[in-house]
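Asks: Here it is, the structure, as structure tokens.
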Amino acid sequence: MVRIALAALLVVLCASSAEAWPRRSSSNRTSSTKTVFSGGPQAVAEAKAQRAASLRIKGHLGGGFGGANAEGVGFSTSSAQHALNICCFTGQRRVAGSSVVRGADGWYAVKIYH
């Protein structure tokens, strides 16, 4: 019984953190975020940060990485630098493009990684 409970917990944890992993997609995203971003990594980072700020989405948008391998997102009410610093994979991967946009409720940052 304990093994079944641990297996179920493992499945839930893996499913809930899948959004942060590179090259993964999810079918349970809302239709408002189903956008394919085109261009290079910098253009994609700029477009995603702008879209996240306009829709107040504080998470991954999907839609490609502009030829790179992963993305990291961050949000902060204190500063643009803090939003960049808390992006996923910061300090772990080489940055291909990054952008920060001031939204109505804070700064939205997107980093695209090689």
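Residue numbers start at 1 in each chain; chains themselves are named A, B, ... in the order of the structure tokens; ligands are numbered from 1 in the order shown.
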Taking 4 positions as the minimum chain separation for residues in the same chain, which residues sit within 9 Å of segment 45-57 of chain A when counting only C-alpha atoms? Answer as a PDB file with C-alpha atoms, in the first residue's frame.

Replies:
ATOM      1  CA  SER A  32      -5.283  31.964 -25.154  1.00  0.00           C
ATOM      2  CA  THR A  33      -1.663  30.813 -24.878  1.00  0.00           C
ATOM      3  CA  PHE A  37       6.468  32.222 -31.724  1.00  0.00           C
ATOM      4  CA  SER A  38       8.733  32.671 -34.719  1.00  0.00           C
ATOM      5  CA  GLY A  40      15.416  33.707 -33.452  1.00  0.00           C
ATOM      6  CA  PRO A  41      15.838  33.221 -29.706  1.00  0.00           C
ATOM      7  CA  LEU A  61       3.773  29.975 -22.664  1.00  0.00           C
ATOM      8  CA  GLY A  62       5.013  27.230 -24.983  1.00  0.00           C
ATOM      9  CA  GLY A  63       5.097  27.875 -28.717  1.00  0.00           C
ATOM     10  CA  PHE A  65      12.198  28.385 -28.466  1.00  0.00           C
ATOM     11  CA  GLY A  66      13.356  30.085 -31.678  1.00  0.00           C
ATOM     12  CA  GLU A  71      13.127  28.617 -21.776  1.00  0.00           C
ATOM     13  CA  VAL A  73      10.431  32.531 -17.036  1.00  0.00           C
ATOM     14  CA  GLY A  97      18.038  35.573 -25.779  1.00  0.00           C
ATOM     15  CA  SER A  98      16.329  37.378 -22.915  1.00  0.00           C
ATOM     16  CA  SER A  99      13.744  40.060 -22.383  1.00  0.00           C
ATOM     17  CA  VAL A 100      11.932  41.823 -19.552  1.00  0.00           C
ATOM     18  CA  VAL A 101       8.648  43.681 -19.966  1.00  0.00           C
ATOM     19  CA  ARG A 102       6.930  45.850 -17.377  1.00  0.00           C
ATOM     20  CA  GLY A 103       3.345  44.672 -16.970  1.00  0.00           C
ATOM     21  CA  ALA A 104       0.495  46.164 -15.003  1.00  0.00           C
ATOM     22  CA  ASP A 105       1.404  44.130 -11.923  1.00  0.00           C
ATOM     23  CA  GLY A 106       5.187  43.676 -12.199  1.00  0.00           C
ATOM     24  CA  TRP A 107       8.077  42.632 -14.444  1.00  0.00           C
ATOM     25  CA  TYR A 108       7.797  39.595 -16.721  1.00  0.00           C
ATOM     26  CA  ALA A 109      11.076  38.016 -17.816  1.00  0.00           C
ATOM     27  CA  VAL A 110      11.794  35.326 -20.398  1.00  0.00           C
ATOM     28  CA  LYS A 111      15.174  33.739 -21.110  1.00  0.00           C
ATOM     29  CA  ILE A 112      15.755  31.392 -24.027  1.00  0.00           C
TER      30      ILE A 112
END

Asks: With distances taken over only C-alpha atoms, which residue among A:Tyr113, A:Gly74, A:Ser79, A:Gly64 lies nearest Gly91 of chain A?

Replies: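 Residue with the minimum atom-to-atom distance to Gly91 of chain A: A:Tyr113.
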
Asks: Running DSSP on the backbone, which parts of segment 47-94 of chain A land in strand (DSSP E), as a CSV table (one decimal) with C-alpha atoms, in the first residue's frame?

Replies:
chain,number,residue,atom,x,y,z
A,70,ALA,CA,14.8,25.6,-23.4
A,71,GLU,CA,13.1,28.6,-21.8
A,72,GLY,CA,13.0,30.1,-18.3
A,73,VAL,CA,10.4,32.5,-17.0
A,74,GLY,CA,10.4,34.9,-14.1
A,75,PHE,CA,8.1,37.4,-12.5
A,76,SER,CA,8.8,40.1,-9.9

Asks: Under the rule that only C-alpha atoms are counted, which of A:His114, A:Val44, A:Thr77, A:Phe89 is the nearest residue to Lys58 of chain A?

Replies: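 Using only C-alpha atoms, Lys58 of chain A sits closest to A:Thr77.
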
Asks: Which distance in Å separates atom CA of Val36 of chain A and atom CA of His82 of chain A, to one decimal?

Replies: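 Result for atom CA of Val36 of chain A versus atom CA of His82 of chain A: 27.1 Å, one decimal.
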